[in-house]
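File shown here: entry-v8.json, holding JSON, C-alpha atoms.
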[["chain", "number", "residue", "atom", "x", "y", "z"],
["A", 1, "MET", "CA", 25.70, -9.60, -41.44],
["A", 2, "ALA", "CA", 24.94, -9.42, -37.79],
["A", 3, "GLU", "CA", 26.49, -9.98, -34.44],
["A", 4, "ARG", "CA", 24.78, -13.12, -33.16],
["A", 5, "SER", "CA", 24.47, -15.02, -29.90],
["A", 6, "ILE", "CA", 24.07, -18.79, -29.58],
["A", 7, "VAL", "CA", 20.31, -18.24, -29.20],
["A", 8, "ASP", "CA", 20.21, -16.29, -32.48],
["A", 9, "ILE", "CA", 22.09, -19.14, -34.15],
["A", 10, "GLY", "CA", 19.68, -21.71, -32.71],
["A", 11, "LYS", "CA", 16.67, -19.78, -34.04],
["A", 12, "PHE", "CA", 18.28, -19.55, -37.47],
["A", 13, "LEU", "CA", 18.97, -23.30, -37.54],
["A", 14, "GLN", "CA", 15.35, -24.07, -36.58],
["A", 15, "ARG", "CA", 14.29, -22.52, -39.90],
["A", 16, "TYR", "CA", 15.98, -25.49, -41.60],
["A", 17, "GLY", "CA", 14.10, -28.12, -39.62],
["A", 18, "LEU", "CA", 16.78, -28.70, -36.99],
["A", 19, "ASN", "CA", 15.78, -29.31, -33.37],
["A", 20, "ILE", "CA", 17.49, -27.08, -30.80],
["A", 21, "GLY", "CA", 17.69, -27.93, -27.10],
["A", 22, "GLU", "CA", 19.67, -27.89, -23.87],
["A", 23, "ASN", "CA", 19.48, -24.12, -23.52],
["A", 24, "PRO", "CA", 17.19, -21.97, -21.32],
["A", 25, "ALA", "CA", 15.74, -20.32, -24.47],
["A", 26, "PHE", "CA", 14.93, -23.71, -26.04],
["A", 27, "GLY", "CA", 13.08, -25.64, -23.32],
["A", 28, "GLY", "CA", 15.68, -25.58, -20.55],
["A", 29, "VAL", "CA", 18.81, -27.51, -19.65],
["A", 30, "GLY", "CA", 18.58, -31.10, -18.49],
["A", 31, "PRO", "CA", 20.82, -32.87, -15.98],
["A", 32, "GLY", "CA", 24.19, -34.30, -16.93],
["A", 33, "HIS", "CA", 25.99, -31.13, -18.01],
["A", 34, "ALA", "CA", 29.07, -29.76, -16.29],
["A", 35, "PRO", "CA", 27.85, -27.27, -13.64],
["A", 36, "MET", "CA", 30.40, -24.68, -14.79],
["A", 37, "GLY", "CA", 29.98, -25.50, -18.49],
["A", 38, "TYR", "CA", 28.38, -23.59, -21.34],
["A", 39, "HIS", "CA", 24.88, -25.14, -21.11],
["A", 40, "PRO", "CA", 23.91, -23.93, -17.62],
["A", 41, "ILE", "CA", 24.85, -20.33, -18.47],
["A", 42, "GLY", "CA", 22.89, -20.37, -21.73],
["A", 43, "ALA", "CA", 25.97, -20.22, -23.96],
["A", 44, "ALA", "CA", 25.48, -23.61, -25.66],
["A", 45, "ILE", "CA", 22.89, -25.47, -27.68],
["A", 46, "ASP", "CA", 22.52, -29.07, -28.79],
["A", 47, "VAL", "CA", 21.46, -29.34, -32.43],
["A", 48, "ARG", "CA", 19.57, -32.49, -33.37],
["A", 49, "ASP", "CA", 18.50, -33.50, -36.85],
["A", 50, "TRP", "CA", 15.32, -35.35, -35.94],
["A", 51, "ARG", "CA", 13.78, -35.23, -39.37],
["A", 52, "PRO", "CA", 12.91, -38.57, -41.03],
["A", 53, "ASP", "CA", 15.71, -41.11, -40.89],
["A", 54, "VAL", "CA", 16.58, -40.78, -44.56],
["A", 55, "ALA", "CA", 16.09, -37.22, -45.82],
["A", 56, "PRO", "CA", 18.07, -34.65, -47.75],
["A", 57, "ALA", "CA", 20.05, -32.01, -45.83],
["A", 58, "TYR", "CA", 18.31, -29.43, -48.04],
["A", 59, "GLU", "CA", 15.31, -29.37, -50.35],
["A", 60, "GLY", "CA", 16.07, -31.26, -53.54],
["A", 61, "GLY", "CA", 19.22, -32.84, -52.13],
["A", 62, "LYS", "CA", 20.20, -36.50, -52.02],
["A", 63, "PRO", "CA", 18.52, -38.37, -49.13],
["A", 64, "ILE", "CA", 21.00, -39.38, -46.43],
["A", 65, "SER", "CA", 20.62, -40.82, -42.92],
["A", 66, "TRP", "CA", 20.25, -38.57, -39.88],
["A", 67, "LYS", "CA", 23.58, -39.88, -38.57],
["A", 68, "GLN", "CA", 25.38, -38.77, -41.72],
["A", 69, "ARG", "CA", 23.60, -35.40, -41.71],
["A", 70, "THR", "CA", 24.55, -34.91, -38.05],
["A", 71, "GLY", "CA", 28.18, -35.84, -38.71],
["A", 72, "GLU", "CA", 28.36, -33.43, -41.65],
["A", 73, "LEU", "CA", 26.79, -30.65, -39.56],
["A", 74, "SER", "CA", 29.45, -31.22, -36.90],
["A", 75, "TRP", "CA", 32.21, -31.11, -39.53],
["A", 76, "ARG", "CA", 30.88, -27.84, -40.97],
["A", 77, "ALA", "CA", 30.65, -26.25, -37.49],
["A", 78, "LYS", "CA", 34.29, -27.14, -36.84],
["A", 79, "GLN", "CA", 35.35, -25.83, -40.27],
["A", 80, "LEU", "CA", 33.72, -22.45, -39.64],
["A", 81, "GLY", "CA", 35.88, -21.99, -36.53],
["A", 82, "LEU", "CA", 33.40, -19.56, -34.98],
["A", 83, "PHE", "CA", 32.42, -21.48, -31.86],
["A", 84, "ASN", "CA", 34.11, -21.87, -28.48],
["A", 85, "GLU", "CA", 33.16, -25.54, -28.77],
["A", 86, "ALA", "CA", 31.85, -27.54, -31.73],
["A", 87, "LEU", "CA", 31.41, -31.23, -30.92],
["A", 88, "GLY", "CA", 29.47, -33.99, -32.61],
["A", 89, "PRO", "CA", 29.52, -37.64, -33.62],
["A", 90, "GLY", "CA", 32.99, -39.01, -32.93],
["A", 91, "ASP", "CA", 33.44, -36.77, -29.89],
["A", 92, "PRO", "CA", 32.70, -38.35, -26.46],
["A", 93, "GLY", "CA", 29.03, -38.07, -25.49],
["A", 94, "GLN", "CA", 27.94, -36.39, -28.73],
["A", 95, "ASP", "CA", 26.88, -39.30, -30.95],
["A", 96, "THR", "CA", 23.29, -38.13, -31.55],
["A", 97, "HIS", "CA", 23.65, -34.37, -31.81],
["A", 98, "VAL", "CA", 25.98, -31.43, -32.39],
["A", 99, "HIS", "CA", 26.99, -29.37, -29.37],
["A", 100, "LEU", "CA", 27.72, -25.71, -30.18],
["A", 101, "ALA", "CA", 29.00, -23.24, -27.57],
["A", 102, "LEU", "CA", 29.49, -19.53, -28.07],
["A", 103, "GLU", "CA", 30.22, -17.02, -25.33],
["A", 104, "GLY", "CA", 28.86, -13.57, -26.07],
["A", 105, "LYS", "CA", 28.28, -12.66, -29.70],
["A", 106, "LYS", "CA", 30.19, -12.96, -32.96],
["A", 107, "TYR", "CA", 29.72, -11.61, -36.44],
["A", 108, "ILE", "CA", 28.24, -14.48, -38.43],
["A", 109, "THR", "CA", 26.68, -14.06, -41.86],
["A", 110, "ASP", "CA", 23.44, -15.61, -43.13],
["A", 111, "PRO", "CA", 25.40, -17.56, -45.79],
["A", 112, "GLN", "CA", 27.66, -19.01, -43.06],
["A", 113, "LEU", "CA", 24.64, -20.17, -41.06],
["A", 114, "GLU", "CA", 22.85, -21.49, -44.14],
["A", 115, "TRP", "CA", 25.99, -23.45, -45.04],
["A", 116, "LEU", "CA", 26.22, -24.72, -41.46],
["A", 117, "ALA", "CA", 22.61, -25.94, -41.58],
["A", 118, "THR", "CA", 22.57, -27.45, -45.08],
["A", 119, "GLY", "CA", 26.05, -27.64, -46.57],
["A", 120, "ARG", "CA", 25.25, -25.07, -49.24],
["A", 121, "TYR", "CA", 24.14, -21.45, -49.63],
["A", 122, "LYS", "CA", 23.06, -18.96, -52.26],
["A", 123, "THR", "CA", 25.78, -16.58, -53.49],
["A", 124, "PRO", "CA", 25.05, -12.86, -54.10],
["A", 125, "GLU", "CA", 24.79, -13.80, -57.80],
["A", 126, "GLY", "CA", 21.96, -16.23, -56.95],
["A", 127, "THR", "CA", 23.79, -19.51, -57.61],
["A", 128, "LEU", "CA", 23.99, -22.33, -55.09],
["A", 129, "THR", "CA", 27.42, -23.41, -53.88],
["A", 130, "ASP", "CA", 28.77, -25.84, -51.31],
["A", 131, "VAL", "CA", 32.02, -23.90, -50.78],
["A", 132, "MET", "CA", 32.32, -22.62, -47.21],
["A", 133, "PRO", "CA", 31.51, -18.90, -47.07],
["A", 134, "VAL", "CA", 33.92, -16.61, -45.26],
["A", 135, "SER", "CA", 33.33, -13.36, -43.45],
["A", 136, "THR", "CA", 35.43, -10.27, -44.04],
["A", 137, "VAL", "CA", 34.81, -9.08, -40.47],
["A", 138, "GLN", "CA", 37.39, -10.15, -37.90],
["A", 139, "ASN", "CA", 35.81, -11.20, -34.63],
["A", 140, "VAL", "CA", 37.52, -9.69, -31.60],
["A", 141, "THR", "CA", 37.10, -11.64, -28.40],
["A", 142, "THR", "CA", 36.69, -10.05, -24.99],
["A", 143, "GLU", "CA", 40.21, -11.16, -24.07],
["A", 144, "GLN", "CA", 41.63, -9.47, -27.16],
["A", 145, "LYS", "CA", 39.80, -6.27, -26.21],
["A", 146, "VAL", "CA", 41.26, -6.49, -22.71],
["A", 147, "ASP", "CA", 44.70, -7.13, -24.15],
["A", 148, "LYS", "CA", 44.45, -3.99, -26.30],
["A", 149, "LYS", "CA", 43.40, -1.96, -23.26],
["A", 150, "ASP", "CA", 46.21, -3.45, -21.16],
["A", 151, "SER", "CA", 48.67, -2.83, -23.98],
["A", 152, "LYS", "CA", 47.78, 0.88, -24.07],
["A", 153, "ARG", "CA", 48.10, 1.06, -20.29],
["A", 154, "PHE", "CA", 51.45, -0.73, -20.43],
["A", 155, "GLN", "CA", 52.70, 1.68, -23.10],
["A", 156, "SER", "CA", 51.52, 4.66, -21.03],
["A", 157, "LEU", "CA", 53.29, 3.40, -17.90],
["A", 158, "LEU", "CA", 56.44, 2.64, -19.84],
["A", 159, "ASN", "CA", 56.43, 6.13, -21.39],
["A", 160, "GLU", "CA", 55.90, 7.67, -17.95],
["A", 161, "SER", "CA", 58.81, 5.66, -16.55],
["A", 162, "LEU", "CA", 61.07, 6.73, -19.37],
["A", 163, "ARG", "CA", 60.06, 10.35, -18.90],
["A", 164, "MET", "CA", 60.88, 10.12, -15.18],
["A", 165, "GLY", "CA", 64.42, 9.00, -15.96],
["A", 166, "LEU", "CA", 64.08, 5.38, -14.95],
["A", 167, "THR", "CA", 65.87, 4.22, -18.07],
["A", 168, "SER", "CA", 69.15, 4.02, -16.21],
["A", 169, "HIS", "CA", 67.49, 1.65, -13.74],
["A", 170, "LEU", "CA", 66.07, -0.43, -16.60],
["A", 171, "PHE", "CA", 69.51, -0.97, -18.06],
["A", 172, "SER", "CA", 71.48, -1.40, -14.83],
["A", 173, "PRO", "CA", 73.41, -4.68, -14.35],
["A", 174, "ALA", "CA", 70.87, -5.87, -11.75],
["A", 175, "GLN", "CA", 68.02, -5.34, -14.22],
["A", 176, "SER", "CA", 69.79, -7.11, -17.06],
["A", 177, "GLN", "CA", 69.29, -10.34, -15.13],
["A", 178, "ASN", "CA", 65.53, -9.73, -14.90],
["A", 179, "PRO", "CA", 64.35, -6.92, -17.18],
["A", 180, "LEU", "CA", 60.73, -7.31, -16.09],
["A", 181, "SER", "CA", 61.34, -6.68, -12.40],
["A", 182, "LEU", "CA", 61.03, -2.89, -12.63],
["A", 183, "LEU", "CA", 57.92, -3.08, -14.77],
["A", 184, "GLN", "CA", 56.37, -5.66, -12.44],
["A", 185, "SER", "CA", 56.91, -3.35, -9.49],
["A", 186, "MET", "CA", 55.01, -0.48, -11.12],
["A", 187, "PRO", "CA", 51.76, 0.24, -9.31],
["A", 188, "GLY", "CA", 48.69, -1.06, -11.10],
["A", 189, "LEU", "CA", 50.56, -3.13, -13.65],
["A", 190, "MET", "CA", 50.12, -6.87, -13.24],
["A", 191, "PRO", "CA", 52.82, -9.31, -14.36],
["A", 192, "GLN", "CA", 50.30, -11.20, -16.54],
["A", 193, "THR", "CA", 49.78, -8.05, -18.58],
["A", 194, "ILE", "CA", 53.48, -7.79, -19.28],
["A", 195, "LEU", "CA", 53.76, -11.43, -20.22],
["A", 196, "ARG", "CA", 50.77, -11.21, -22.58],
["A", 197, "ASN", "CA", 52.13, -8.04, -24.17],
["A", 198, "PRO", "CA", 55.89, -8.49, -24.56],
["A", 199, "LEU", "CA", 57.87, -5.68, -26.08],
["A", 200, "VAL", "CA", 58.31, -6.28, -29.77]]
Render the structure in this file as structure tokens.
Amino acid sequence: MAERSIVDIGKFLQRYGLNIGENPAFGGVGPGHAPMGYHPIGAAIDVRDWRPDVAPAYEGGKPISWKQRTGELSWRAKQLGLFNEALGPGDPGQDTHVHLALEGKKYITDPQLEWLATGRYKTPEGTLTDVMPVSTVQNVTTEQKVDKKDSKRFQSLLNESLRMGLTSHLFSPAQSQNPLSLLQSMPGLMPQTILRNPLV
């Protein structure tokens, strides 16, 4: 298992005959994308199944049309739940390809990517299955990491306040109307941090 970027995912999918584009690492980004979107910053790819019109999704599989293969690829990407965006046929502007966006890196296994590409993968026992593989590693986003850092800072400031005897101010009648006002006035502690990390 490895931590992978969208470029790593694109290279993996190419091994299964899929065409990858609309990314600086795969021939550049054409016009028509949102200027502040994922494509211009290299965090998205468009996956196209440009193999013969009727072909199997994997060697030895039942031949199906490229439209069906593309739709199934889109469905699998959405089922994995690993991408910031996973769009395909049925989503506006995505009828001929699957758009995958991923900021940064995530832990994604080879079986997950094989299943994404083909709809099946080989288990550790060597048998083929079409059941979606799951990862035992929990992906932590940058925001979650920031929240953990802010939470520790919040706890430290709260402990400091309690040690300094501000508890009487916290529980005064004026504060009972707005219990966050004292905490919001603490230097270096932003109100958003408090709202994201309520006391539990």
### Task
Between atom CA of A:Gln112 and atom CA of A:Pro133, measure the distance and give it in Å to one decimal.
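Atom CA of A:Gln112 sits 5.6 Å away from atom CA of A:Pro133.
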### Task
Take atom CA of A:Lys122 and atom CA of A:Asp53 and report the distance between them in Å, one decimal.
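So the two atoms, atom CA of A:Lys122 and atom CA of A:Asp53, lie 26.0 Å apart.
Among the candidates A:Thr96, A:Thr118, A:Asn84, A:Gln79, the one nearest to A:Arg15 when counting all atoms listed in the file is A:Thr118.
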### Message
Ranking A:Gly104, A:Pro92, A:Gly60, A:Pro111 by minimum distance to A:Ser5 and counting only C-alpha atoms, which one comes first?
### Response
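Using only C-alpha atoms, the shortest distance to A:Ser5 belongs to A:Gly104.
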### Between atom CA of A:Arg51 and atom CA of A:Tyr16 - distance in Å to one decimal
10.2 Å
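Shortest atom-to-atom contact with A:Arg48 among A:Arg4, A:His97, A:Lys106, A:Lys78: A:His97, counting only C-alpha atoms.
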### Message
What's around A:Leu18 at 7 Å? Count all atoms listed in the file, leave out sequence neighbours fewer than 2 positions away in its own chain, and write the answer as a list in words.
### Response
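Here the qualifying residues turn out to be Leu13, Gln14, Tyr16, Ile20, Val47, Arg48, Asp49 and Trp50 of chain A.
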Suppose we keep C-alpha atoms; can you now write the selection as a tab-separated table (two decimals), in the coordinates of the input?
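New file result.tsv:
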chain	number	residue	atom	x	y	z
A	13	LEU	CA	18.97	-23.30	-37.54
A	14	GLN	CA	15.35	-24.07	-36.58
A	16	TYR	CA	15.98	-25.49	-41.60
A	20	ILE	CA	17.49	-27.08	-30.80
A	47	VAL	CA	21.46	-29.34	-32.43
A	48	ARG	CA	19.57	-32.49	-33.37
A	49	ASP	CA	18.50	-33.50	-36.85
A	50	TRP	CA	15.32	-35.35	-35.94
Is it possible to get the axis-aligned box enclosing stretch 80-89 of chain A (all listed atoms, 5 Å extra per side) as lines of an AutoDock Vina configuration file, with centre and edge lengths in Å rounded to one decimal?
center_x = 32.7
center_y = -28.6
center_z = -34.1
size_x = 16.4
size_y = 28.1
size_z = 21.2
#### Entry: Residues within 10 Å of A:Gly30, only C-alpha atoms, excluding chain neighbours under 3 positions, as an MDAnalysis selection string
chainID A and resid 21:24 27 33 39:40
### Message
Calculated over all atoms listed in the file, which of the candidates A:Gly90, A:Gly61, A:Gly28, A:Gly126 has the smallest distance to A:Ile45?
### Response
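Nearest to A:Ile45: A:Gly28.
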Please return, as a PDB file with C-alpha atoms, in the frame of the given file, all polymer residues that have at least one atom within 9 Å of the point (28.3, -16.9, -40.7); use all atoms listed in the file and the file's own coordinate frame.
ATOM      1  CA  MET A   1      25.700  -9.600 -41.440  1.00  0.00           C
ATOM      2  CA  ALA A   2      24.940  -9.420 -37.790  1.00  0.00           C
ATOM      3  CA  LEU A  80      33.720 -22.450 -39.640  1.00  0.00           C
ATOM      4  CA  LEU A  82      33.400 -19.560 -34.980  1.00  0.00           C
ATOM      5  CA  LYS A 106      30.190 -12.960 -32.960  1.00  0.00           C
ATOM      6  CA  TYR A 107      29.720 -11.610 -36.440  1.00  0.00           C
ATOM      7  CA  ILE A 108      28.240 -14.480 -38.430  1.00  0.00           C
ATOM      8  CA  THR A 109      26.680 -14.060 -41.860  1.00  0.00           C
ATOM      9  CA  ASP A 110      23.440 -15.610 -43.130  1.00  0.00           C
ATOM     10  CA  PRO A 111      25.400 -17.560 -45.790  1.00  0.00           C
ATOM     11  CA  GLN A 112      27.660 -19.010 -43.060  1.00  0.00           C
ATOM     12  CA  LEU A 113      24.640 -20.170 -41.060  1.00  0.00           C
ATOM     13  CA  GLU A 114      22.850 -21.490 -44.140  1.00  0.00           C
ATOM     14  CA  TRP A 115      25.990 -23.450 -45.040  1.00  0.00           C
ATOM     15  CA  LEU A 116      26.220 -24.720 -41.460  1.00  0.00           C
ATOM     16  CA  PRO A 133      31.510 -18.900 -47.070  1.00  0.00           C
ATOM     17  CA  VAL A 134      33.920 -16.610 -45.260  1.00  0.00           C
ATOM     18  CA  SER A 135      33.330 -13.360 -43.450  1.00  0.00           C
TER      19      SER A 135
END
## Note on the structure
Closest of A:Trp66, A:Phe26, A:Phe83, A:Tyr38 to A:Lys105, counting only C-alpha atoms, is A:Phe83
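With distances restricted to only C-alpha atoms, A:Gly71 is the closest residue to A:Pro89 from A:Pro52, A:Gly71, A:Pro124, A:Pro35.
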